[in-house]
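Chemist: Sending over input20.txt (compact mmCIF, C-alpha atoms).
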```
# COMPACT_ATOMS: atom_id res chain seq x y z
CA MET V 1 31.57 -18.06 -19.46
CA THR V 2 28.13 -16.56 -19.92
CA TYR V 3 24.98 -18.08 -21.34
CA GLU V 4 21.67 -16.69 -22.47
CA LYS V 5 18.95 -18.42 -20.49
CA LEU V 6 15.22 -18.23 -21.11
CA GLY V 7 13.94 -19.77 -17.90
CA GLN V 8 12.09 -22.92 -18.89
CA GLU V 9 11.60 -21.80 -22.49
CA ALA V 10 13.40 -23.60 -25.28
CA LEU V 11 14.87 -22.49 -28.57
CA GLU V 12 12.51 -23.08 -31.50
CA TYR V 13 14.07 -25.49 -33.99
CA TYR V 14 11.07 -25.64 -36.37
CA PRO V 15 11.40 -29.43 -36.81
CA CYS V 16 10.57 -30.67 -40.29
CA ARG V 17 10.84 -33.74 -42.50
CA TYR V 18 12.28 -34.12 -45.97
CA GLY V 19 10.91 -36.78 -48.25
CA ARG V 20 10.31 -40.11 -46.54
CA SER V 21 13.09 -39.73 -44.00
CA LYS V 22 12.07 -40.65 -40.46
CA ILE V 23 14.40 -38.02 -39.02
CA LEU V 24 13.02 -34.69 -37.82
CA PHE V 25 15.53 -32.16 -39.09
CA ARG V 26 16.01 -28.57 -38.01
CA GLY V 27 13.94 -26.05 -39.93
CA PRO V 28 12.56 -23.86 -41.19
CA LYS V 29 12.11 -26.28 -44.06
CA ARG V 30 13.87 -25.33 -47.29
CA THR V 31 12.49 -25.91 -50.75
CA LEU V 32 14.26 -28.45 -52.89
CA ASP V 33 12.82 -27.13 -56.16
CA GLY V 34 15.72 -24.75 -56.90
CA PRO V 35 19.49 -24.86 -56.35
CA TYR V 36 20.57 -25.76 -52.83
CA VAL V 37 23.50 -26.91 -50.73
CA ALA V 38 22.94 -29.88 -48.41
CA PHE V 39 24.62 -30.17 -44.99
CA LEU V 40 25.02 -33.59 -43.37
CA GLY V 41 26.48 -33.93 -39.90
CA GLY V 42 26.00 -34.26 -36.18
CA SER V 43 25.19 -31.98 -33.27
CA GLU V 44 27.22 -28.98 -34.47
CA THR V 45 25.59 -29.05 -37.91
CA TYR V 46 22.16 -29.28 -36.28
CA GLY V 47 23.15 -26.37 -34.07
CA LYS V 48 21.68 -27.38 -30.74
CA PHE V 49 21.23 -24.29 -28.52
CA ILE V 50 22.46 -22.06 -31.37
CA PRO V 51 19.90 -19.57 -32.79
CA ARG V 52 21.50 -19.66 -36.25
CA PRO V 53 23.88 -22.57 -36.93
CA PHE V 54 26.53 -22.47 -39.64
CA PRO V 55 24.28 -23.79 -42.48
CA ALA V 56 22.04 -20.75 -41.94
CA LEU V 57 25.03 -18.40 -41.77
CA VAL V 58 26.39 -19.86 -45.01
CA GLU V 59 23.01 -19.36 -46.64
CA ASP V 60 23.07 -15.68 -45.68
CA GLU V 61 26.39 -15.21 -47.43
CA LEU V 62 25.86 -17.37 -50.50
CA GLY V 63 22.27 -16.45 -51.24
CA THR V 64 21.66 -20.12 -52.04
CA ALA V 65 19.26 -22.29 -50.04
CA CYS V 66 21.12 -24.38 -47.46
CA VAL V 67 19.32 -27.53 -46.30
CA ASN V 68 20.30 -28.48 -42.75
CA LEU V 69 20.30 -32.28 -42.51
CA GLY V 70 22.26 -32.33 -39.28
CA TRP V 71 21.12 -34.66 -36.53
CA MET V 72 22.04 -34.76 -32.86
CA ASN V 73 24.83 -37.25 -32.05
CA ALA V 74 24.63 -38.67 -35.55
CA GLY V 75 27.08 -41.20 -36.88
CA VAL V 76 27.61 -42.13 -40.51
CA ASP V 77 24.89 -44.80 -40.27
CA ALA V 78 22.13 -42.23 -39.83
CA PHE V 79 22.73 -40.97 -43.36
CA LEU V 80 24.04 -44.03 -45.14
CA HIS V 81 20.91 -46.05 -44.38
CA ASP V 82 18.42 -43.29 -45.21
CA PRO V 83 17.54 -43.31 -48.95
CA ALA V 84 15.68 -40.00 -48.67
CA ILE V 85 18.76 -38.19 -47.39
CA LEU V 86 20.96 -39.72 -50.06
CA GLN V 87 18.51 -38.60 -52.73
CA ILE V 88 18.41 -35.05 -51.39
CA ALA V 89 22.19 -34.90 -51.15
CA SER V 90 22.60 -36.19 -54.69
CA GLY V 91 20.32 -33.44 -55.99
CA ALA V 92 22.33 -30.64 -54.37
CA LYS V 93 24.75 -28.28 -56.07
CA ALA V 94 27.21 -29.22 -53.34
CA VAL V 95 27.18 -31.23 -50.12
CA VAL V 96 28.97 -30.43 -46.88
CA ILE V 97 29.61 -33.45 -44.66
CA GLN V 98 30.77 -32.78 -41.12
CA VAL V 99 33.25 -35.40 -39.94
CA MET V 100 31.44 -37.47 -37.33
CA GLY V 101 32.94 -39.72 -34.68
CA ALA V 102 33.57 -43.43 -35.19
CA GLN V 103 31.91 -44.53 -31.95
CA ASN V 104 28.30 -44.00 -33.04
CA MET V 105 28.05 -46.73 -35.68
CA SER V 106 27.07 -50.37 -35.62
CA ASN V 107 30.10 -52.63 -36.09
CA ARG V 108 31.38 -56.13 -35.40
CA PHE V 109 31.51 -55.43 -31.67
CA TYR V 110 28.20 -53.68 -30.95
CA GLY V 111 25.04 -52.26 -32.44
CA VAL V 112 23.58 -48.76 -32.13
CA HIS V 113 20.10 -47.34 -32.65
CA PRO V 114 19.52 -46.73 -36.40
CA ARG V 115 18.72 -43.05 -35.89
CA ARG V 116 19.83 -42.14 -32.38
CA ASN V 117 23.31 -43.39 -33.08
CA ASP V 118 24.76 -42.56 -29.65
CA ARG V 119 22.43 -45.14 -28.09
CA PHE V 120 24.12 -48.47 -27.38
CA LEU V 121 21.79 -51.38 -28.14
CA GLN V 122 23.71 -54.58 -27.63
CA ALA V 123 27.12 -56.18 -27.58
CA SER V 124 27.98 -58.85 -30.12
CA GLU V 125 29.17 -62.30 -29.12
CA LEU V 126 32.64 -61.21 -30.20
CA LEU V 127 32.69 -58.29 -27.76
CA ARG V 128 31.25 -60.42 -24.97
CA THR V 129 34.02 -62.93 -25.59
CA VAL V 130 36.77 -60.30 -25.54
CA PHE V 131 35.33 -58.65 -22.40
CA ARG V 132 33.92 -61.58 -20.45
CA ASP V 133 34.29 -59.59 -17.25
CA VAL V 134 31.89 -56.83 -18.33
CA ASP V 135 28.11 -56.65 -17.84
CA PHE V 136 26.89 -54.84 -20.93
CA THR V 137 23.34 -54.41 -19.62
CA GLU V 138 24.66 -51.47 -17.59
CA PHE V 139 25.24 -49.28 -20.65
CA HIS V 140 22.87 -47.09 -22.62
CA PHE V 141 25.30 -44.82 -24.50
CA THR V 142 28.28 -45.72 -26.69
CA ARG V 143 30.81 -43.33 -25.12
CA HIS V 144 30.04 -44.47 -21.59
CA MET V 145 30.46 -48.08 -22.65
CA LEU V 146 33.76 -47.38 -24.44
CA GLN V 147 35.12 -45.42 -21.49
CA HIS V 148 34.43 -48.41 -19.26
CA LEU V 149 36.08 -50.87 -21.65
CA ARG V 150 39.18 -48.73 -21.96
CA ALA V 151 39.50 -48.45 -18.20
CA ARG V 152 39.11 -52.22 -17.87
CA SER V 153 41.85 -53.15 -20.36
CA GLU V 154 43.80 -50.87 -22.70
CA GLU V 155 45.15 -53.88 -24.59
CA ARG V 156 41.74 -55.42 -25.26
CA PHE V 157 40.23 -52.03 -25.98
CA GLU V 158 42.72 -51.52 -28.80
CA MET V 159 40.88 -54.27 -30.72
CA VAL V 160 37.64 -52.31 -30.43
CA ARG V 161 39.30 -49.03 -31.38
CA GLY V 162 40.86 -50.59 -34.47
CA GLU V 163 37.50 -52.01 -35.55
CA LEU V 164 35.78 -48.65 -35.14
CA LYS V 165 38.40 -46.84 -37.20
CA ALA V 166 38.22 -49.43 -39.98
CA ALA V 167 34.40 -49.41 -39.95
CA TRP V 168 34.33 -45.61 -40.11
CA SER V 169 36.64 -45.51 -43.13
CA ALA V 170 34.64 -48.16 -44.99
CA ARG V 171 31.30 -46.54 -44.12
CA MET V 172 32.46 -43.07 -45.17
CA ASP V 173 33.79 -44.44 -48.45
CA ARG V 174 30.41 -46.03 -49.10
CA LEU V 175 28.54 -42.85 -48.18
CA LEU V 176 30.61 -40.77 -50.58
CA SER V 177 30.08 -43.29 -53.36
CA ARG V 178 26.30 -42.94 -52.98
CA ILE V 179 26.19 -39.15 -53.19
CA GLY V 180 26.06 -37.90 -56.75
CA ALA V 181 27.13 -34.34 -56.00
CA PRO V 182 30.44 -32.60 -55.16
CA VAL V 183 31.31 -33.03 -51.48
CA VAL V 184 33.16 -30.71 -49.12
CA LEU V 185 34.36 -32.56 -46.02
CA LEU V 186 34.34 -30.44 -42.85
CA TRP V 187 36.53 -31.09 -39.83
CA LEU V 188 35.08 -28.96 -37.02
CA SER V 189 36.67 -29.42 -33.61
CA ASN V 190 38.66 -27.74 -30.87
CA HIS V 191 41.73 -29.76 -31.89
CA ALA V 192 43.49 -31.11 -34.96
CA PRO V 193 42.69 -34.64 -36.18
CA GLY V 194 44.18 -37.37 -34.02
CA ASP V 195 44.90 -35.48 -30.79
CA ALA V 196 46.25 -38.38 -28.72
CA VAL V 197 45.80 -36.67 -25.35
CA LEU V 198 42.13 -35.90 -25.80
CA GLU V 199 41.46 -39.29 -27.31
CA ALA V 200 43.09 -41.03 -24.35
CA GLU V 201 40.67 -39.17 -22.09
CA MET V 202 37.76 -40.06 -24.41
CA ARG V 203 36.99 -36.35 -24.80
CA SER V 204 38.00 -36.17 -28.45
CA ASP V 205 35.36 -35.27 -31.01
CA PRO V 206 35.17 -36.59 -33.64
CA LEU V 207 36.27 -39.63 -31.62
CA PHE V 208 38.92 -41.97 -33.11
CA VAL V 209 39.18 -40.11 -36.44
CA ASP V 210 42.78 -39.26 -37.28
CA ARG V 211 44.46 -37.38 -40.10
CA SER V 212 45.34 -40.49 -42.09
CA MET V 213 41.64 -41.41 -42.19
CA ILE V 214 40.75 -37.93 -43.46
CA GLU V 215 43.52 -37.97 -46.06
CA ALA V 216 42.37 -41.35 -47.36
CA LEU V 217 39.05 -39.72 -48.31
CA ARG V 218 40.58 -36.71 -50.02
CA PRO V 219 40.52 -38.25 -53.53
CA ARG V 220 36.75 -38.81 -53.12
CA VAL V 221 35.86 -35.22 -52.17
CA GLN V 222 36.24 -31.82 -53.78
CA GLN V 223 37.84 -30.23 -50.75
CA VAL V 224 38.65 -30.82 -47.08
CA VAL V 225 37.95 -27.82 -44.87
CA GLU V 226 39.66 -27.99 -41.49
CA VAL V 227 38.29 -25.68 -38.81
CA ILE V 228 40.11 -25.84 -35.49
CA VAL V 229 38.16 -23.53 -33.23
CA SER V 230 40.22 -20.56 -32.10
CA ALA V 231 41.21 -20.05 -28.47
CA GLU V 232 39.10 -16.89 -28.35
CA ALA V 233 36.00 -18.72 -29.57
CA GLN V 234 36.59 -21.53 -27.09
CA ALA V 235 36.93 -19.06 -24.22
CA ARG V 236 33.61 -17.43 -25.14
CA ARG V 237 31.80 -20.50 -26.40
CA GLY V 238 28.81 -20.08 -24.10
CA GLU V 239 27.89 -16.61 -25.34
CA GLY V 240 24.76 -16.43 -27.45
CA MET V 241 23.57 -19.95 -26.70
CA VAL V 242 19.94 -20.42 -25.69
CA PHE V 243 18.87 -23.12 -23.25
CA ASN V 244 17.11 -23.70 -19.95
CA GLU V 245 18.68 -24.87 -16.72
CA LEU V 246 17.98 -28.55 -17.37
CA GLU V 247 19.84 -28.29 -20.67
CA ALA V 248 22.96 -26.65 -19.18
CA PRO V 249 25.11 -29.84 -19.02
CA ALA V 250 24.42 -30.62 -22.67
CA ALA V 251 25.04 -27.00 -23.69
CA ALA V 252 28.45 -27.06 -22.00
CA GLU V 253 29.55 -29.83 -24.38
CA MET V 254 28.83 -27.83 -27.54
CA LEU V 255 31.55 -25.86 -29.33
CA GLY V 256 29.50 -22.68 -29.21
CA LEU V 257 28.55 -19.75 -31.41
CA GLY V 258 32.11 -18.68 -32.20
CA ALA V 259 32.83 -22.11 -33.67
CA GLN V 260 29.73 -21.82 -35.82
CA VAL V 261 30.87 -18.44 -37.17
CA GLU V 262 34.36 -19.73 -37.93
CA ALA V 263 32.97 -22.80 -39.68
CA ALA V 264 30.63 -20.66 -41.78
CA LYS V 265 33.43 -18.34 -42.85
CA ALA V 266 35.63 -21.22 -43.98
CA LEU V 267 32.78 -22.96 -45.79
CA VAL V 268 31.62 -19.84 -47.64
CA SER V 269 35.03 -19.52 -49.22
CA ALA V 270 35.13 -23.20 -50.20
CA LEU V 271 31.57 -23.29 -51.50
CA GLN V 272 31.86 -20.09 -53.52
CA THR V 273 34.72 -21.66 -55.44
CA GLN V 274 32.82 -24.92 -55.84
CA LEU V 275 29.50 -23.37 -56.91
CA GLN V 276 31.06 -20.89 -59.30
CA GLY V 277 33.20 -23.58 -60.83
CA ARG V 278 30.26 -25.91 -61.33
CA SER V 279 28.03 -23.16 -62.76
CA GLY V 280 30.72 -22.34 -65.27
CA ARG V 281 31.03 -25.97 -66.33
CA GLU V 282 27.25 -26.33 -66.66
CA GLN V 283 26.98 -23.20 -68.82
CA GLY V 284 29.83 -24.39 -70.97
CA ALA V 285 28.05 -27.68 -71.53
CA VAL V 286 24.88 -26.02 -72.82
```
Could you quickly redo this structure as C-alpha cells?
Modeler:
Amino acid sequence: MTYEKLGQEALEYYPCRYGRSKILFRGPKRTLDGPYVAFLGGSETYGKFIPRPFPALVEDELGTACVNLGWMNAGVDAFLHDPAILQIASGAKAVVIQVMGAQNMSNRFYGVHPRRNDRFLQASELLRTVFRDVDFTEFHFTRHMLQHLRARSEERFEMVRGELKAAWSARMDRLLSRIGAPVVLLWLSNHAPGDAVLEAEMRSDPLFVDRSMIEALRPRVQQVVEVIVSAEAQARRGEGMVFNELEAPAAAEMLGLGAQVEAAKALVSALQTQLQGRSGREQGAV
C-alpha cells in the first residue's frame, strides 16, 4: 500500500459555512443560487485525505453544482438538529445521504456531542444501571466505549445494540420527513449491509446498520445506491491520499480514492435519471 505524503503539509479543504450552520464544511463553497445537488454524510462524503471526494467527481460529470455537506464522523444527529442544513437540502434538485453508523447518536443509553458525534459525553442512568461494573469516565469516543461494553457482557450489550438500531431507524425516518427534495440513499462500505463478522469485531461501518433497516427506508427515498468497494480498490486504497505522518493512522481507516471513484460512478447514473426525470416533470407543469 502506498501513500502520497507531503511532509508536515496538509491537504487544503477550503473550510466554509453555509447559512447559519455551526459546522465548517469542505469547500470550495458552492453557490446556492442555481440548481444544485446536496450531499449529506460522514467522513467518506467529506473526503478526508482525498484531493477530490465523490461529490466533486459527481459534479464534474453532471455539470451541476454539488454541495458537500459531509462532516467527519457524523451521525444522523449532526444533520437532523441543524435547521440550516435541512433548509439547504430541501432547496436542492436532489439530495444524496450517505448511510451513517448508529453508534454516533444520542439515545436512551448515552449522549454524544451535538456536532462531533463520535465524542461520548455521558452515560444515562439506564446505562449505568445495566453496566454497574463499568467506569464511564474512562471513555471519550463512542466506539471505544461500545467495544468495552461488548467485551464485558454480550448479553447486556445486546440491549444497547437494539436501542441504537431502533434509534437510528427512527432518526433517519425523521430526517427524511424534513427534507423536501428527492433523496438518494448511499450505502458505501467494504461489505454488504449487516456483515455479522465485521460487526462482531466492531470494525463494521456503518456500524449496526443492516439490510432490513435500509429496506425499511426504501419507500421514503427515490433510490438506494449500494456501493460495496471492489477488492481492487481496497487493495490500492492508500494510493492518491494526501496526509502527513501524524495523520497516517486516521488515513489507514478511510476507504480510499478507489472507493470514491466507484461511489461517484454509481451516483452519476442514479442522479442523471433523477435530475432528468424531475426536469421533465417541471417543464410539463409549466
Chemist: Calculated over only C-alpha atoms, which of the candidates V:Arg171, V:Arg108, V:Arg178, V:His140 has the smallest distance to Met159 in chain V?
Modeler: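 Between V:Arg171, V:Arg108, V:Arg178, V:His140, the residue approaching Met159 in chain V most closely is V:Arg108.
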Chemist: So how far away is CA of Pro55 in chain V from CA of Asn68 in chain V, in Å?
Modeler: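 Separation between CA of Asn68 in chain V and CA of Pro55 in chain V: 6.2 Å.
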Chemist: What is the distance between CA of Asp135 in chain V and CA of Glu163 in chain V, in Å to one decimal?
Modeler: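 These atoms are spaced 20.6 Å apart.
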Chemist: Within 7 Å of range 221-241 of chain V, which residues of range 245-279 of chain V come that close, and what is the closest atom pair and distance in Å for each? Count all atoms listed in the file and give it as a Markdown table.
Modeler:
```
| residue | atom | partner | partner_atom | distance |
| --- | --- | --- | --- | --- |
| V:Leu255 | CA | V:Arg237 | CA | 6.1 |
| V:Gly256 | CA | V:Arg237 | CA | 4.2 |
| V:Leu257 | CA | V:Arg237 | CA | 6.0 |
| V:Gly258 | CA | V:Ala233 | CA | 4.7 |
| V:Ala259 | CA | V:Val229 | CA | 5.5 |
| V:Ala263 | CA | V:Val227 | CA | 6.1 |
```
Chemist: At a cut-off of 12 Å, using all atoms listed in the file, what residues contact Phe79 in chain V? Leave out same-chain residues fewer than 2 positions from it and give the result as a PyMOL selection string.
Modeler: chain V and resi 21-23+39-42+69-71+74-77+81-89+97-98+100+105+114-117+171-172+174-176+178-179
Chemist: Looking at V:Met145, V:Leu164, V:Tyr13, V:Arg218, which one is nearest to Leu186 in chain V, with distances taken over only C-alpha atoms?
Modeler: V:Arg218
Chemist: Quick one: residues within 8 Å of Pro28 in chain V, all atoms listed in the file counted, chain neighbours fewer than 3 positions away excluded, as a PyMOL selection string?
Modeler: chain V and resi 13-16
Chemist: With a distance cut-off of 12 Å and all atoms listed in the file, select the neighbouring residues of Trp168 in chain V, excluding the residue or stretch itself and same-chain residues fewer than 6 positions from it, and output the selection as a PyMOL selection string.
Modeler: chain V and resi 75-77+80+99-108+161-162+174-175+206-210+213-214+216-217
Chemist: Just the number, please: distance in Å from CA of Met254 in chain V to CA of Glu44 in chain V, one decimal.
Modeler: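 Distance between the two atoms: 7.2 Å.
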Chemist: As AutoDock Vina command-line options, please report the centre and edge lengths, rounded to one decimal in Å, of the axis-aligned box that holds all listed atoms of range 16-24 of chain V with 5 Å of padding on each of the six sides.
Modeler:
```
--center_x 12.4 --center_y -35.7 --center_z -43.0 --size_x 14.1 --size_y 20.0 --size_z 20.4
```
Chemist: List the residues sitting within 8 Å of (38.5, -58.7, -17.3) in the file's frame, using all atoms listed in the file, as a PyMOL selection string.
Modeler: chain V and resi 131-134+152-153
Chemist: Of the candidates V:Leu62, V:Tyr36, V:Arg143, V:Leu149, which shows the shortest atom-to-atom distance to Ser204 in chain V, using all atoms listed in the file?
Modeler: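 Ranking V:Leu62, V:Tyr36, V:Arg143, V:Leu149 by distance to Ser204 in chain V, first place goes to V:Arg143.
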Chemist: In the coordinate frame of the file, compute which residues have an atom within 9 Å of (43.3, -29.2, -36.8) when using all atoms listed in the file, and state them as a list in words.
Modeler: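 Residues lying no farther than 9 Å from the given point: Trp187, Leu188, Ser189, Asn190, His191, Ala192, Pro193, Gly194, Asp195, Arg211, Glu226, Val227, Ile228 and Val229 of chain V.
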Chemist: Please provide the set of residues having any atom within 7 Å of Gly111 in chain V, restricted to all atoms listed in the file, with same-chain residues fewer than 2 positions apart removed, written as an NGL selection string.
Modeler: :V and (106-107 or 113 or 120-123)
Chemist: Counting only C-alpha atoms, which residue out of V:Gly63, V:Gly19, V:Pro35, V:Pro182 sits closest to Gln274 in chain V?
Modeler: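 For Gln274 in chain V, the nearest of the given residues is V:Pro182.
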Chemist: Find the residues around Glu12 in chain V up to 12 Å (all atoms listed in the file counted), leave out those fewer than 6 positions away in its own chain, and share them as a compact mmCIF listing (two decimals) with C-alpha atoms, in the frame of the given file.
Modeler:
```txt
# COMPACT_ATOMS: atom_id res chain seq x y z
CA LEU V 6 15.22 -18.23 -21.11
CA ARG V 26 16.01 -28.57 -38.01
CA GLY V 27 13.94 -26.05 -39.93
CA PRO V 28 12.56 -23.86 -41.19
CA GLY V 47 23.15 -26.37 -34.07
CA LYS V 48 21.68 -27.38 -30.74
CA PHE V 49 21.23 -24.29 -28.52
CA ILE V 50 22.46 -22.06 -31.37
CA PRO V 51 19.90 -19.57 -32.79
CA ARG V 52 21.50 -19.66 -36.25
CA VAL V 242 19.94 -20.42 -25.69
CA PHE V 243 18.87 -23.12 -23.25
```
Chemist: With distances taken over all atoms listed in the file, which of V:Leu267, V:Cys66, V:Met202, V:Leu57 is nearest to His144 in chain V?
Modeler: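 Comparing V:Leu267, V:Cys66, V:Met202, V:Leu57 against His144 in chain V, the winner is V:Met202.
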Chemist: Complete range 9-19 of chain V with all heavy atoms (output as a compact mmCIF listing (two decimals), in the coordinates of the input).
Modeler:
```txt
# COMPACT_ATOMS: atom_id res chain seq x y z
N GLU V 9 11.89 -21.83 -21.06
CA GLU V 9 11.60 -21.80 -22.49
C GLU V 9 12.72 -22.49 -23.25
O GLU V 9 13.83 -22.66 -22.76
CB GLU V 9 11.46 -20.35 -22.97
CG GLU V 9 10.30 -19.61 -22.34
CD GLU V 9 10.20 -18.18 -22.85
OE1 GLU V 9 10.77 -17.90 -23.92
OE2 GLU V 9 9.55 -17.37 -22.19
N ALA V 10 12.42 -22.91 -24.47
CA ALA V 10 13.40 -23.60 -25.28
C ALA V 10 13.52 -22.89 -26.62
O ALA V 10 12.60 -22.22 -27.09
CB ALA V 10 13.01 -25.05 -25.48
N LEU V 11 14.66 -23.05 -27.24
CA LEU V 11 14.87 -22.49 -28.57
C LEU V 11 13.98 -23.21 -29.56
O LEU V 11 13.84 -24.43 -29.52
CB LEU V 11 16.34 -22.66 -28.95
CG LEU V 11 16.83 -22.00 -30.23
CD1 LEU V 11 16.69 -20.49 -30.14
CD2 LEU V 11 18.29 -22.37 -30.48
N GLU V 12 13.39 -22.48 -30.48
CA GLU V 12 12.51 -23.08 -31.50
C GLU V 12 13.36 -23.58 -32.65
O GLU V 12 14.09 -22.83 -33.28
CB GLU V 12 11.50 -22.04 -32.00
CG GLU V 12 10.60 -22.55 -33.12
CD GLU V 12 9.82 -23.79 -32.72
OE1 GLU V 12 8.92 -23.68 -31.88
OE2 GLU V 12 10.15 -24.87 -33.28
N TYR V 13 13.28 -24.88 -32.93
CA TYR V 13 14.07 -25.49 -33.99
C TYR V 13 13.24 -25.76 -35.25
O TYR V 13 13.78 -26.25 -36.24
CB TYR V 13 14.69 -26.80 -33.51
CG TYR V 13 15.67 -26.61 -32.37
CD1 TYR V 13 15.31 -26.92 -31.05
CD2 TYR V 13 16.94 -26.11 -32.59
CE1 TYR V 13 16.20 -26.73 -30.00
CE2 TYR V 13 17.84 -25.92 -31.56
CZ TYR V 13 17.46 -26.23 -30.26
OH TYR V 13 18.35 -26.05 -29.23
N TYR V 14 11.95 -25.47 -35.22
CA TYR V 14 11.07 -25.64 -36.37
C TYR V 14 11.28 -27.01 -37.02
O TYR V 14 11.62 -27.10 -38.22
CB TYR V 14 11.30 -24.54 -37.41
CG TYR V 14 11.08 -23.15 -36.85
CD1 TYR V 14 12.16 -22.36 -36.43
CD2 TYR V 14 9.79 -22.63 -36.71
CE1 TYR V 14 11.95 -21.09 -35.91
CE2 TYR V 14 9.58 -21.37 -36.18
CZ TYR V 14 10.66 -20.60 -35.78
OH TYR V 14 10.46 -19.35 -35.26
N PRO V 15 11.13 -28.10 -36.27
CA PRO V 15 11.40 -29.43 -36.81
C PRO V 15 10.58 -29.73 -38.07
O PRO V 15 9.40 -29.37 -38.17
CB PRO V 15 11.02 -30.36 -35.67
CG PRO V 15 10.13 -29.55 -34.78
CD PRO V 15 10.59 -28.15 -34.91
N CYS V 16 11.23 -30.39 -39.01
CA CYS V 16 10.57 -30.67 -40.29
C CYS V 16 11.11 -31.98 -40.86
O CYS V 16 12.16 -32.48 -40.44
CB CYS V 16 10.80 -29.53 -41.28
SG CYS V 16 12.55 -29.26 -41.72
N ARG V 17 10.40 -32.53 -41.83
CA ARG V 17 10.84 -33.74 -42.50
C ARG V 17 11.11 -33.44 -43.97
O ARG V 17 10.49 -32.55 -44.56
CB ARG V 17 9.78 -34.84 -42.40
CG ARG V 17 9.52 -35.33 -40.99
CD ARG V 17 8.61 -36.56 -41.01
NE ARG V 17 8.17 -36.90 -39.67
CZ ARG V 17 8.86 -37.64 -38.82
NH1 ARG V 17 10.03 -38.11 -39.18
NH2 ARG V 17 8.38 -37.91 -37.62
N TYR V 18 12.02 -34.19 -44.53
CA TYR V 18 12.28 -34.12 -45.97
C TYR V 18 12.04 -35.49 -46.57
O TYR V 18 12.59 -36.50 -46.10
CB TYR V 18 13.73 -33.69 -46.23
CG TYR V 18 14.00 -32.24 -45.91
CD1 TYR V 18 14.61 -31.89 -44.71
CD2 TYR V 18 13.66 -31.22 -46.80
CE1 TYR V 18 14.88 -30.55 -44.41
CE2 TYR V 18 13.92 -29.89 -46.51
CZ TYR V 18 14.53 -29.56 -45.32
OH TYR V 18 14.78 -28.25 -45.02
N GLY V 19 11.21 -35.52 -47.59
CA GLY V 19 10.91 -36.78 -48.25
C GLY V 19 10.34 -37.80 -47.28
O GLY V 19 9.54 -37.48 -46.41
```
